[in-house]
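Chemist: Dumping the structure here so I can ask a few things about it.
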Amino acid sequence: IRKMVISTGQVSTIAGSAGVNGSTDGTGTAARFNGPTGITTDGTNLFVTDSNNYTIRKMVISTGVVTTIAGSPGLYGSTDGTGSAARFYNAYDLTTDGTNLYVADTSNHAIRKIVISTGAVTTSAGGVAAGTADGTGTSARFFYPYSLTTDGTNLYVTDSGNSTIRKVVISTGVVTTMAGSAGITGSTDGTGTAARFFWPRGITTDGGNLYVSDTDNATIRKIVIGTGVVSTISGSAGSVGSTDGVGSAARFNWPAGINTDGKSLYVADDNNHTIRKIQ
């Protein structure tokens with residue numbers, strides 16, 4: 001787990017040890033991870049999807065102490081339960097409303113909820129079977145949900161295998177498709193289901209808009225939450241590269257994770273091994 005000071009670009013390793021995988025809980029570089037992918041924070045702690053360990057980890061920011069809060073290293077499945085009794089299968093991302101964690105349990109095609117104070121894990125939407133169906137709770141279907149974000153009322157999910165963006169109402173579990181059309185890939189800007197994506201992965205929100213790493217299009221897309229209007233704000237569909245630039249002149253190579261501080265976007269440009277900033 002690395003830290004980057006935004007104002008200076010200074011990067012430091014705060015947990016784990018480069019090239020040494022494992023599942024050990026510990027402090028800072030004494031802790032071990034195996035394929036950590038998603039990360040979120042409640043301001044006091046970091047929460048990490050330790051994908052290849054099939055676990056969810058917590059790091060206290062002030063001390064660097066790392067613990068496993070859900071799942072058991074090396075044991076995958078879809079069992080709901082508390083703490084180490086729960087099972088995950090290649091969970092790739094998570095977000096928080098401060099009280100709960102919401103996890104994109106990717107290979108289970110499900111959205112899971114973890115109560116932070118107790119470690120209790122339940123399935124909020126989807127299930128082990130992949131699919132495209134909108135519905136309520138476990139009657140809905142996802143196909144490799146990869147990333148998710150929240151505005152406190154809804155979850156917004158990149159349903160990567162379906163090339164769609166889905167919405168989950170937290171209070172009811174109702175799942176709808178808000179952009180893209182299941183199984184139809186492309187790069188078309190448009191409104192709602194008329195827009196097209198190609199294996200979107202990362203997603204974040206500033207409250208009014210969603211920003212999506214449209215990974216296989218090598219672009220960054222914007223969705224206005226209130227209208228469903230989708231536009232391309234950076235990169236050019238199908239044009240891979242590493243060029244810095246404005247709008248369609250910039251180039252990405254497999255952009256995945258994305259986050260915002262409300263002013264800028266920060267993109268993990270995976271195949272370029274870089275962190276990019278969009279102002």
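Scheme for the structure tokens: letters A, B, ... for chains in order shown; per-chain residue numbers from 1; ligand numbers from 1 in order shown.
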Can you pull out every residue within 7 Å of His109 (chain A), counting only C-alpha atoms, but drop anything in the same chain fewer than 5 positions away, and send it as a CSV table (one decimal) with N, CA, C and O atoms, in the first residue's frame?
Modeler:
chain,number,residue,atom,x,y,z
A,126,GLY,N,-27.3,-9.3,-6.2
A,126,GLY,CA,-26.6,-10.2,-7.0
A,126,GLY,C,-26.5,-11.5,-6.3
A,126,GLY,O,-27.0,-11.8,-5.2
A,127,GLY,N,-25.7,-12.4,-7.0
A,127,GLY,CA,-25.4,-13.7,-6.4
A,127,GLY,C,-24.4,-14.5,-7.2
A,127,GLY,O,-23.8,-13.9,-8.1
A,128,VAL,N,-24.2,-15.7,-7.0
A,128,VAL,CA,-23.1,-16.5,-7.6
A,128,VAL,C,-23.3,-16.6,-9.1
A,128,VAL,O,-22.3,-16.6,-9.8
A,129,ALA,N,-24.6,-16.6,-9.6
A,129,ALA,CA,-24.8,-16.8,-11.0
A,129,ALA,C,-24.7,-15.4,-11.7
A,129,ALA,O,-25.2,-14.4,-11.3
A,130,ALA,N,-23.9,-15.4,-12.8
A,130,ALA,CA,-23.8,-14.2,-13.6
A,130,ALA,C,-25.0,-13.9,-14.4
A,130,ALA,O,-25.8,-14.8,-14.7
A,142,PHE,N,-25.4,-9.6,-11.8
A,142,PHE,CA,-24.3,-8.8,-12.3
A,142,PHE,C,-23.3,-9.8,-13.1
A,142,PHE,O,-23.4,-11.0,-12.9
A,143,PHE,N,-22.4,-9.2,-13.8
A,143,PHE,CA,-21.4,-10.1,-14.6
A,143,PHE,C,-20.1,-9.4,-14.3
A,143,PHE,O,-19.7,-8.4,-15.0
A,144,TYR,N,-19.3,-9.9,-13.4
A,144,TYR,CA,-18.0,-9.3,-13.0
A,144,TYR,C,-18.1,-7.9,-12.6
A,144,TYR,O,-17.5,-7.0,-13.2
A,145,PRO,N,-18.9,-7.5,-11.5
A,145,PRO,CA,-18.9,-6.1,-11.0
A,145,PRO,C,-17.5,-5.8,-10.5
A,145,PRO,O,-17.0,-6.6,-9.7
Chemist: I'd like the contact shell of region 64-67 of chain A - 9 Å cut-off, only C-alpha atoms, skipping same-chain residues fewer than 6 positions apart - returned as a count of residues only.
Modeler: 13
Chemist: Could you pull out the strand (DSSP E) residues of region 92-193 of chain A, going by DSSP on the backbone, and write them as a ChimeraX atom specification?
Modeler: /A:92-96,100-105,110-115,120-126,135-136,145-150,154-159,164-169,174-179,190-191
Chemist: Enumerate, in order of chain and increasing residue number, the residues of region 126-221 of chain A with an atom no farther than 12 Å from region 264-277 of chain A, each with its shortest atom pair and distance in Å to one decimal, counting only C-alpha atoms, as CSV.
Modeler:
residue,atom,partner,partner_atom,distance
A:Arg201,CA,A:Ala268,CA,10.9
A:Gly202,CA,A:Val267,CA,8.6
A:Ile203,CA,A:Val267,CA,10.0
A:Thr204,CA,A:Leu265,CA,8.9
A:Thr205,CA,A:Leu265,CA,9.8
A:Asp206,CA,A:Leu265,CA,9.8
A:Leu210,CA,A:Leu265,CA,11.0
A:Tyr211,CA,A:Leu265,CA,8.4
A:Val212,CA,A:Val267,CA,9.8
A:Ser213,CA,A:Val267,CA,7.9
A:Asp214,CA,A:Val267,CA,11.2
A:Thr215,CA,A:Asp269,CA,9.2
A:Asp216,CA,A:Asn271,CA,11.5
A:Ala218,CA,A:Asp269,CA,9.2
A:Thr219,CA,A:Asp269,CA,10.4
A:Ile220,CA,A:Val267,CA,9.0
A:Arg221,CA,A:Leu265,CA,11.4
Chemist: Could you tell me how far CA of Arg112 (chain A) lies from CA of Ser163 (chain A), in Å and to one decimal?
Modeler: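 Atom-to-atom, CA of Arg112 (chain A) and CA of Ser163 (chain A) are spaced 20.2 Å apart.
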Chemist: Give the answer as one residue: which of A:Met178, A:Val48, A:Leu94, A:Ala125 has the shortest atom-to-atom distance to Asn108 (chain A), using only C-alpha atoms?
Modeler: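 Once distances to Asn108 (chain A) are computed over only C-alpha atoms, the minimum belongs to A:Ala125.
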Chemist: If we count only C-alpha atoms, what is near Asp97 (chain A) at a cut-off of 12 Å, once residues fewer than 4 positions away on the same chain are taken out, given as a list in words?
Modeler: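 Skipping anything fewer than 4 positions along the chain leaves Thr40, Thr41, Asp42, Gly43, Leu101, Tyr102, Val103, Lys113, Ile114, Val115, Ile116, Leu148, Thr149, Thr150, Asp151, Gly152, Thr153, Asn154, Leu155 and Ile170 of chain A.
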Chemist: Take the residues that were just selected and, keeping C-alpha atoms, output them as a compact mmCIF listing (two decimals), in the first residue's frame.
Modeler:
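Below is the file that was written, selection.txt:
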# COMPACT_ATOMS: atom_id res chain seq x y z
CA THR A 40 -11.32 3.30 0.56
CA THR A 41 -11.17 5.31 3.78
CA ASP A 42 -13.42 6.60 6.55
CA GLY A 43 -10.79 9.20 7.44
CA LEU A 101 -18.37 -1.16 3.65
CA TYR A 102 -19.83 -2.16 0.28
CA VAL A 103 -17.76 -4.65 -1.67
CA LYS A 113 -22.12 -5.32 2.76
CA ILE A 114 -19.85 -5.34 5.83
CA VAL A 115 -20.91 -3.62 9.05
CA ILE A 116 -17.62 -2.05 10.12
CA LEU A 148 -18.32 0.86 -6.95
CA THR A 149 -18.86 4.24 -5.36
CA THR A 150 -21.61 5.82 -3.26
CA ASP A 151 -23.33 9.15 -2.75
CA GLY A 152 -24.70 7.90 0.57
CA THR A 153 -28.08 6.96 -0.90
CA ASN A 154 -27.13 4.79 -3.86
CA LEU A 155 -24.29 2.58 -4.96
CA ILE A 170 -29.00 1.11 -0.57
Chemist: Hey, can you check how far CA of Ser231 (chain A) sits from CA of Arg196 (chain A)?
Modeler: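 Result for CA of Ser231 (chain A) versus CA of Arg196 (chain A): 10.2 Å, one decimal.
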Chemist: Expressed in Å to a single decimal, how great is the separation between CA of Asn209 (chain A) and CA of Ile225 (chain A)?
Modeler: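 These atoms are spaced 5.2 Å apart.
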Chemist: For Thr106 (chain A), list every protein, DNA or RNA residue within 7 Å, evaluated using only C-alpha atoms, and leave out those in the same chain fewer than 4 positions away; present the list as a VMD selection string.
Modeler: chain A and resid 89 to 92 110 144 to 146
Chemist: Which one is closest to Gly83 (chain A): A:Ser187, A:Thr68, A:Asn52, A:Thr176? Count only C-alpha atoms.
Modeler: A:Thr68
Chemist: Using only C-alpha atoms, find the one residue out of A:Asn253, A:Thr188, A:Asn53, A:Thr136 that sits nearest to Thr172 (chain A).
Modeler: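 That would be A:Thr136, the residue with the smallest distance to Thr172 (chain A).
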Chemist: Between A:Gly190, A:Pro36, A:Gly19, A:Pro200, which residue has the minimum interatomic distance to Ile1 (chain A), considering only C-alpha atoms?
Modeler: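 Nearest candidate to Ile1 (chain A) out of A:Gly190, A:Pro36, A:Gly19, A:Pro200: A:Pro36.
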Chemist: Could you go through region 46-209 of chain A and tell me which residues DSSP, when run on the backbone, assigns to helix (DSSP H, G or I), listing them as a VMD selection string?
Modeler: chain A and resid 51 to 53 83 to 85 106 to 108 137 to 139 160 to 162 192 to 194
Chemist: Restricting it to N, CA, C and O atoms, dump the selection as a JSON list (two decimals), in the first residue's frame.
Modeler:
[["chain", "number", "residue", "atom", "x", "y", "z"],
["A", 51, "SER", "N", -7.41, -9.10, -2.80],
["A", 51, "SER", "CA", -8.16, -9.97, -3.71],
["A", 51, "SER", "C", -7.70, -11.42, -3.72],
["A", 51, "SER", "O", -8.51, -12.35, -3.64],
["A", 52, "ASN", "N", -6.41, -11.64, -3.85],
["A", 52, "ASN", "CA", -5.92, -13.02, -3.98],
["A", 52, "ASN", "C", -5.86, -13.76, -2.65],
["A", 52, "ASN", "O", -5.64, -14.97, -2.63],
["A", 53, "ASN", "N", -6.06, -13.03, -1.55],
["A", 53, "ASN", "CA", -6.23, -13.68, -0.25],
["A", 53, "ASN", "C", -7.70, -13.91, 0.08],
["A", 53, "ASN", "O", -8.01, -14.54, 1.10],
["A", 83, "GLY", "N", -16.92, -11.71, 10.21],
["A", 83, "GLY", "CA", -15.47, -11.79, 10.24],
["A", 83, "GLY", "C", -14.91, -12.91, 9.40],
["A", 83, "GLY", "O", -15.23, -13.04, 8.21],
["A", 84, "SER", "N", -14.09, -13.76, 10.00],
["A", 84, "SER", "CA", -13.39, -14.82, 9.27],
["A", 84, "SER", "C", -14.31, -15.94, 8.80],
["A", 84, "SER", "O", -13.91, -16.79, 8.01],
["A", 85, "ALA", "N", -15.59, -15.94, 9.24],
["A", 85, "ALA", "CA", -16.55, -16.94, 8.78],
["A", 85, "ALA", "C", -17.11, -16.61, 7.40],
["A", 85, "ALA", "O", -17.64, -17.50, 6.73],
["A", 106, "THR", "N", -16.30, -9.63, -7.07],
["A", 106, "THR", "CA", -16.33, -9.73, -8.52],
["A", 106, "THR", "C", -16.65, -11.13, -9.04],
["A", 106, "THR", "O", -17.56, -11.31, -9.85],
["A", 107, "SER", "N", -15.89, -12.13, -8.61],
["A", 107, "SER", "CA", -16.11, -13.47, -9.16],
["A", 107, "SER", "C", -17.33, -14.16, -8.58],
["A", 107, "SER", "O", -17.75, -15.22, -9.08],
["A", 108, "ASN", "N", -17.94, -13.58, -7.56],
["A", 108, "ASN", "CA", -19.25, -14.03, -7.09],
["A", 108, "ASN", "C", -20.39, -13.26, -7.75],
["A", 108, "ASN", "O", -21.57, -13.56, -7.47],
["A", 137, "GLY", "N", -32.29, -6.85, -4.68],
["A", 137, "GLY", "CA", -31.41, -7.71, -3.88],
["A", 137, "GLY", "C", -30.83, -8.86, -4.67],
["A", 137, "GLY", "O", -30.28, -8.68, -5.77],
["A", 138, "THR", "N", -30.97, -10.06, -4.13],
["A", 138, "THR", "CA", -30.34, -11.23, -4.73],
["A", 138, "THR", "C", -31.07, -11.73, -5.98],
["A", 138, "THR", "O", -30.60, -12.67, -6.63],
["A", 139, "SER", "N", -32.18, -11.10, -6.36],
["A", 139, "SER", "CA", -32.83, -11.45, -7.63],
["A", 139, "SER", "C", -32.17, -10.73, -8.80],
["A", 139, "SER", "O", -32.37, -11.13, -9.96],
["A", 160, "SER", "N", -18.58, -4.77, -15.20],
["A", 160, "SER", "CA", -17.60, -4.83, -16.27],
["A", 160, "SER", "C", -17.95, -5.83, -17.37],
["A", 160, "SER", "O", -17.87, -5.53, -18.56],
["A", 161, "GLY", "N", -18.33, -7.04, -16.97],
["A", 161, "GLY", "CA", -18.63, -8.07, -17.97],
["A", 161, "GLY", "C", -19.83, -7.74, -18.82],
["A", 161, "GLY", "O", -19.96, -8.23, -19.96],
["A", 162, "ASN", "N", -20.74, -6.92, -18.31],
["A", 162, "ASN", "CA", -21.91, -6.48, -19.08],
["A", 162, "ASN", "C", -21.68, -5.16, -19.80],
["A", 162, "ASN", "O", -22.54, -4.71, -20.57],
["A", 192, "GLY", "N", -28.11, 7.37, -20.99],
["A", 192, "GLY", "CA", -28.56, 6.11, -20.43],
["A", 192, "GLY", "C", -28.15, 4.90, -21.24],
["A", 192, "GLY", "O", -26.98, 4.73, -21.59],
["A", 193, "THR", "N", -29.12, 4.08, -21.59],
["A", 193, "THR", "CA", -28.83, 2.81, -22.27],
["A", 193, "THR", "C", -28.40, 3.00, -23.72],
["A", 193, "THR", "O", -28.01, 2.04, -24.38],
["A", 194, "ALA", "N", -28.46, 4.23, -24.24],
["A", 194, "ALA", "CA", -27.97, 4.50, -25.59],
["A", 194, "ALA", "C", -26.45, 4.64, -25.63],
["A", 194, "ALA", "O", -25.83, 4.52, -26.69]]
